[in-house]
Structures are given as C-alpha cells and as structure tokens.
Amino acid sequence: MFAAKLIGPKTFEMIEMPAPEIKTAPPNSIIVKTHRATTCGSDMPFFLGVYSESEHLAPAAFPAHECAGEVVASNSDRFRIGDTVMAQPDAFTGLGEYYMARANFTTHIPSDGDWNKWVMCQPLGTVIWGFRHINTLFHQNVVILGQGGMGLFCTQLAACMGARNIIVVDPIQHRLNVARSLGATHTLNITD
C-alpha cells in the first residue's frame, strides 16, 4: 500500500509499505480503506518539527487520527466488510491507503459518498464535548479567538445555542466571512 512518511519538518515522502492484515490484528479490530483523513491541531507539532528529531522521525502514515473510510476486513461482530465508518487508526497512522482500528474507536456513518463531510464529524464531536462543559449560552455574549476549523464549529454551535452576540477574531478575512455565514454577529480582523 502507499503511505505518507514524515521525514522532516513539513516534509512528507510517499512510500510503499505492507498493508495491515486482519489475521494478525488484535480481537475486535477492523481494516479500513482510507477515503479521507485530516490532520488535527494536536498533530501539528510533529508536522512542524517542534519535537526533538528522535520524536519527529515518526512511523509511516503518522500523524492522522481523524479518518473516514470503508471496512475491508473485520474480526469484530460490530462491523462488516463494506461498512462505512469514522475510525481512529491505531497509533494515529491514518495517512496510508489502509489502516487498522479498534471497534471501540469506530462508529458507523451513512454511506452517502460525501467523505469530506463525514471526516469532519470527529472534530465536531470534540467541540460538542467541550460545549457540554459550559453552562447555557442563551442570551450570552461570546468571544471566539480563531476561526480555523474548530473555531468555525464553535461559532456555529454558539449560534445554535442562542448566544446573543458572537464576536469572532481571526487574521484571515475569508474565515471571518465564513464565520458571519455561520452565525457570528461581529467579526474582528486582528491585522486591521
């Protein structure tokens, strides 16, 4: 199979490597053909080379844990070949053609073919989890710093929860325009 290998700061190399096999996988595992994978903010220190060189020289197909795809092999009674899933790859190795995942880190998703939409359900779940730890936002004023993927999810969720004023801050005007379409009431470009 093909996979991306992080060989230095901001540098990937495409390599060939053996695909994971279900016959050697732990119980309740699946093998997934990757259709979409995205890199989380928590993966960025590896990509940017923030860690020491010994930590930076990562295994092939690392770092990605937000992945969606189709089950091609399974030893779990919860998942069958052909199921479409959102699954966290073992050791965050989702930048390959295939990856192994455990059933308890996997969920079924609709097989509507919109992989770009479904790969975002894990980051959205993170935002929802965070919002569950705050009190009601109904008629509250909210400030959200940053309008990357997670910030935009926060903006949209704050609007859905009835926040009165949603003030968003970002240096990129396009992100601020998207934030406005998702419910931001005020935008502030910090470069102005």
# chains A, B, ... in the order shown; residues from 1 in each chain; ligands from 1
$ select_by_dssp --residues "chain A" --states "alpha helix (DSSP H)" --output "count of residues only"
45
$ select_by_dssp --residues "segment 39-146 of chain A" --states "strand (DSSP E)" --output "ChimeraX atom specification"
/A:66-74,84-89,98-108,141-145
$ residues_around --residues "Leu48 of chain A" --least-positions-apart "6" --cutoff "9 Å" --atoms "only C-alpha atoms" --output "PyMOL selection string"
chain A and resi 8-11+56
$ residues_around --residues "Lys5 of chain A" --least-positions-apart "6" --cutoff "12 Å" --atoms "only C-alpha atoms" --output "JSON, numbers by chain"
{"A": [11, 12, 13, 14, 15, 16, 17, 46, 47, 56, 57, 58, 59, 60, 61, 62, 63, 64, 93, 94, 95, 96]}
$ write_last_selection --atoms "C-alpha atoms" --output "PDB file, in the first residue's frame"
ATOM      1  CA  THR A  11       8.186  17.216   4.670  1.00  0.00           C
ATOM      2  CA  PHE A  12       6.356  14.037   3.699  1.00  0.00           C
ATOM      3  CA  GLU A  13       7.641  11.327   1.379  1.00  0.00           C
ATOM      4  CA  MET A  14       5.336   8.826  -0.313  1.00  0.00           C
ATOM      5  CA  ILE A  15       6.426   5.255   0.352  1.00  0.00           C
ATOM      6  CA  GLU A  16       5.242   1.701  -0.222  1.00  0.00           C
ATOM      7  CA  MET A  17       4.738  -0.442   2.868  1.00  0.00           C
ATOM      8  CA  PHE A  46       5.037  16.621  14.746  1.00  0.00           C
ATOM      9  CA  PHE A  47       4.462  18.126  11.289  1.00  0.00           C
ATOM     10  CA  HIS A  56       9.951  13.736  14.941  1.00  0.00           C
ATOM     11  CA  LEU A  57      11.042  10.726  12.903  1.00  0.00           C
ATOM     12  CA  ALA A  58       7.636   9.135  13.135  1.00  0.00           C
ATOM     13  CA  PRO A  59       6.276   5.842  11.826  1.00  0.00           C
ATOM     14  CA  ALA A  60       4.864   5.732   8.319  1.00  0.00           C
ATOM     15  CA  ALA A  61       1.296   7.050   7.886  1.00  0.00           C
ATOM     16  CA  PHE A  62       1.616   9.228  11.045  1.00  0.00           C
ATOM     17  CA  PRO A  63       0.129  11.658  12.200  1.00  0.00           C
ATOM     18  CA  ALA A  64      -3.587  11.423  11.435  1.00  0.00           C
ATOM     19  CA  THR A  93      -1.423   6.127  11.449  1.00  0.00           C
ATOM     20  CA  GLY A  94      -4.207   7.295   9.137  1.00  0.00           C
ATOM     21  CA  LEU A  95      -2.080   8.683   6.296  1.00  0.00           C
ATOM     22  CA  GLY A  96      -1.968   5.396   4.438  1.00  0.00           C
TER      23      GLY A  96
END
$ closest_residue --among "A:Phe131, A:Trp115, A:Phe138, A:Tyr51" --to "Thr34 of chain A" --atoms "only C-alpha atoms"
A:Trp115
$ closest_residue --among "A:Ala179, A:Ile30, A:Val142, A:Met150" --to "Ser74 of chain A" --atoms "only C-alpha atoms"
A:Ile30
$ closest_residue --among "A:Glu21, A:Cys67, A:Leu6, A:Asn116" --to "Pro45 of chain A" --atoms "only C-alpha atoms"
A:Leu6
$ residues_around --residues "Ile81 of chain A" --least-positions-apart "2" --cutoff "12 Å" --atoms "only C-alpha atoms" --output "JSON, numbers by chain"
{"A": [22, 30, 31, 32, 33, 69, 70, 71, 72, 73, 74, 75, 76, 77, 78, 79, 83, 84, 85]}
$ residues_around --residues "Leu145 of chain A" --least-positions-apart "4" --cutoff "9 Å" --atoms "only C-alpha atoms" --output "number ranges by chain"
A: 151, 167-170
$ write_last_selection --atoms "N, CA and C atoms" --output "PDB file, in the first residue's frame"
ATOM      1  N   GLY A 151     -12.644  26.643  15.436  1.00  0.00           N
ATOM      2  CA  GLY A 151     -13.270  27.914  15.757  1.00  0.00           C
ATOM      3  C   GLY A 151     -14.585  28.113  15.019  1.00  0.00           C
ATOM      4  N   ILE A 167     -18.785  37.271  18.919  1.00  0.00           N
ATOM      5  CA  ILE A 167     -17.698  38.102  18.407  1.00  0.00           C
ATOM      6  C   ILE A 167     -16.553  37.167  18.067  1.00  0.00           C
ATOM      7  N   VAL A 168     -16.128  37.175  16.807  1.00  0.00           N
ATOM      8  CA  VAL A 168     -15.055  36.277  16.395  1.00  0.00           C
ATOM      9  C   VAL A 168     -13.851  37.090  15.936  1.00  0.00           C
ATOM     10  N   VAL A 169     -12.676  36.532  16.198  1.00  0.00           N
ATOM     11  CA  VAL A 169     -11.418  37.218  15.915  1.00  0.00           C
ATOM     12  C   VAL A 169     -10.537  36.281  15.091  1.00  0.00           C
ATOM     13  N   ASP A 170      -9.977  36.788  14.004  1.00  0.00           N
ATOM     14  CA  ASP A 170      -9.075  35.989  13.168  1.00  0.00           C
ATOM     15  C   ASP A 170      -8.301  36.936  12.254  1.00  0.00           C
TER      16      ASP A 170
END
$ closest_residue --among "A:Cys154, A:Ala19, A:Ala101, A:Ile166" --to "Arg180 of chain A" --atoms "only C-alpha atoms"
A:Ile166
$ closest_residue --among "A:Ala103, A:Ile172, A:Leu157, A:Leu124" --to "Thr136 of chain A" --atoms "only C-alpha atoms"
A:Leu157
$ closest_residue --among "A:Thr185, A:Gln156, A:Asn28, A:Gln173" --to "Arg80 of chain A" --atoms "only C-alpha atoms"
A:Asn28
$ atom_distance --atom1 "atom CA of Ala91 of chain A" --atom2 "atom CA of Trp129 of chain A"
22.4 Å
$ residues_around --residues "Gly149 of chain A" --least-positions-apart "6" --cutoff "12 Å" --atoms "only C-alpha atoms" --output "JSON list (two decimals) with N, CA, C and O atoms, in the first residue's frame"
[["chain", "number", "residue", "atom", "x", "y", "z"],
["A", 38, "THR", "N", -7.69, 13.75, 7.90],
["A", 38, "THR", "CA", -7.30, 15.13, 8.13],
["A", 38, "THR", "C", -6.37, 15.19, 9.32],
["A", 38, "THR", "O", -6.38, 14.29, 10.16],
["A", 39, "THR", "N", -5.57, 16.21, 9.35],
["A", 39, "THR", "CA", -4.59, 16.37, 10.43],
["A", 39, "THR", "C", -5.15, 17.30, 11.48],
["A", 39, "THR", "O", -5.59, 18.41, 11.18],
["A", 40, "CYS", "N", -5.15, 16.85, 12.71],
["A", 40, "CYS", "CA", -5.66, 17.61, 13.86],
["A", 40, "CYS", "C", -4.60, 18.61, 14.33],
["A", 40, "CYS", "O", -3.40, 18.43, 14.11],
["A", 41, "GLY", "N", -5.05, 19.66, 14.99],
["A", 41, "GLY", "CA", -4.12, 20.62, 15.59],
["A", 41, "GLY", "C", -3.15, 19.96, 16.54],
["A", 41, "GLY", "O", -1.99, 20.38, 16.66],
["A", 120, "MET", "N", -15.27, 15.26, 9.03],
["A", 120, "MET", "CA", -15.32, 16.35, 10.00],
["A", 120, "MET", "C", -16.13, 16.01, 11.24],
["A", 120, "MET", "O", -16.18, 16.81, 12.19],
["A", 121, "CYS", "N", -16.77, 14.84, 11.30],
["A", 121, "CYS", "CA", -17.60, 14.54, 12.47],
["A", 121, "CYS", "C", -16.75, 14.35, 13.73],
["A", 121, "CYS", "O", -17.21, 14.67, 14.83],
["A", 122, "GLN", "N", -15.52, 13.89, 13.63],
["A", 122, "GLN", "CA", -14.69, 13.74, 14.83],
["A", 122, "GLN", "C", -14.32, 15.10, 15.41],
["A", 122, "GLN", "O", -14.48, 15.32, 16.61],
["A", 123, "PRO", "N", -13.83, 16.06, 14.61],
["A", 123, "PRO", "CA", -13.56, 17.38, 15.18],
["A", 123, "PRO", "C", -14.82, 18.04, 15.74],
["A", 123, "PRO", "O", -14.77, 18.68, 16.80],
["A", 124, "LEU", "N", -15.96, 17.88, 15.07],
["A", 124, "LEU", "CA", -17.20, 18.45, 15.59],
["A", 124, "LEU", "C", -17.55, 17.81, 16.94],
["A", 124, "LEU", "O", -17.99, 18.50, 17.86],
["A", 126, "THR", "N", -15.51, 16.80, 19.15],
["A", 126, "THR", "CA", -14.64, 17.42, 20.15],
["A", 126, "THR", "C", -15.23, 18.75, 20.62],
["A", 126, "THR", "O", -15.23, 19.05, 21.83],
["A", 127, "VAL", "N", -15.73, 19.55, 19.70],
["A", 127, "VAL", "CA", -16.33, 20.84, 20.05],
["A", 127, "VAL", "C", -17.60, 20.62, 20.88],
["A", 127, "VAL", "O", -17.81, 21.28, 21.91],
["A", 155, "THR", "N", -18.26, 28.70, 16.54],
["A", 155, "THR", "CA", -19.15, 29.79, 16.15],
["A", 155, "THR", "C", -20.53, 29.26, 15.80],
["A", 155, "THR", "O", -21.55, 29.78, 16.27],
["A", 156, "GLN", "N", -20.59, 28.23, 15.00],
["A", 156, "GLN", "CA", -21.87, 27.68, 14.59],
["A", 156, "GLN", "C", -22.63, 27.10, 15.78],
["A", 156, "GLN", "O", -23.84, 27.31, 15.92],
["A", 170, "ASP", "N", -9.98, 36.79, 14.00],
["A", 170, "ASP", "CA", -9.07, 35.99, 13.17],
["A", 170, "ASP", "C", -8.30, 36.94, 12.25],
["A", 170, "ASP", "O", -8.81, 38.01, 11.91],
["A", 175, "ARG", "N", -12.00, 33.59, 6.50],
["A", 175, "ARG", "CA", -12.54, 32.86, 7.66],
["A", 175, "ARG", "C", -13.60, 33.69, 8.37],
["A", 175, "ARG", "O", -14.61, 33.15, 8.82],
["A", 176, "LEU", "N", -13.37, 34.99, 8.47],
["A", 176, "LEU", "CA", -14.35, 35.86, 9.12],
["A", 176, "LEU", "C", -15.65, 35.91, 8.31],
["A", 176, "LEU", "O", -16.74, 35.94, 8.89],
["A", 178, "VAL", "N", -16.81, 33.45, 6.43],
["A", 178, "VAL", "CA", -17.49, 32.18, 6.69],
["A", 178, "VAL", "C", -18.13, 32.20, 8.08],
["A", 178, "VAL", "O", -19.27, 31.77, 8.26],
["A", 179, "ALA", "N", -17.41, 32.74, 9.06],
["A", 179, "ALA", "CA", -17.95, 32.83, 10.43],
["A", 179, "ALA", "C", -19.26, 33.62, 10.44],
["A", 179, "ALA", "O", -20.22, 33.24, 11.12]]
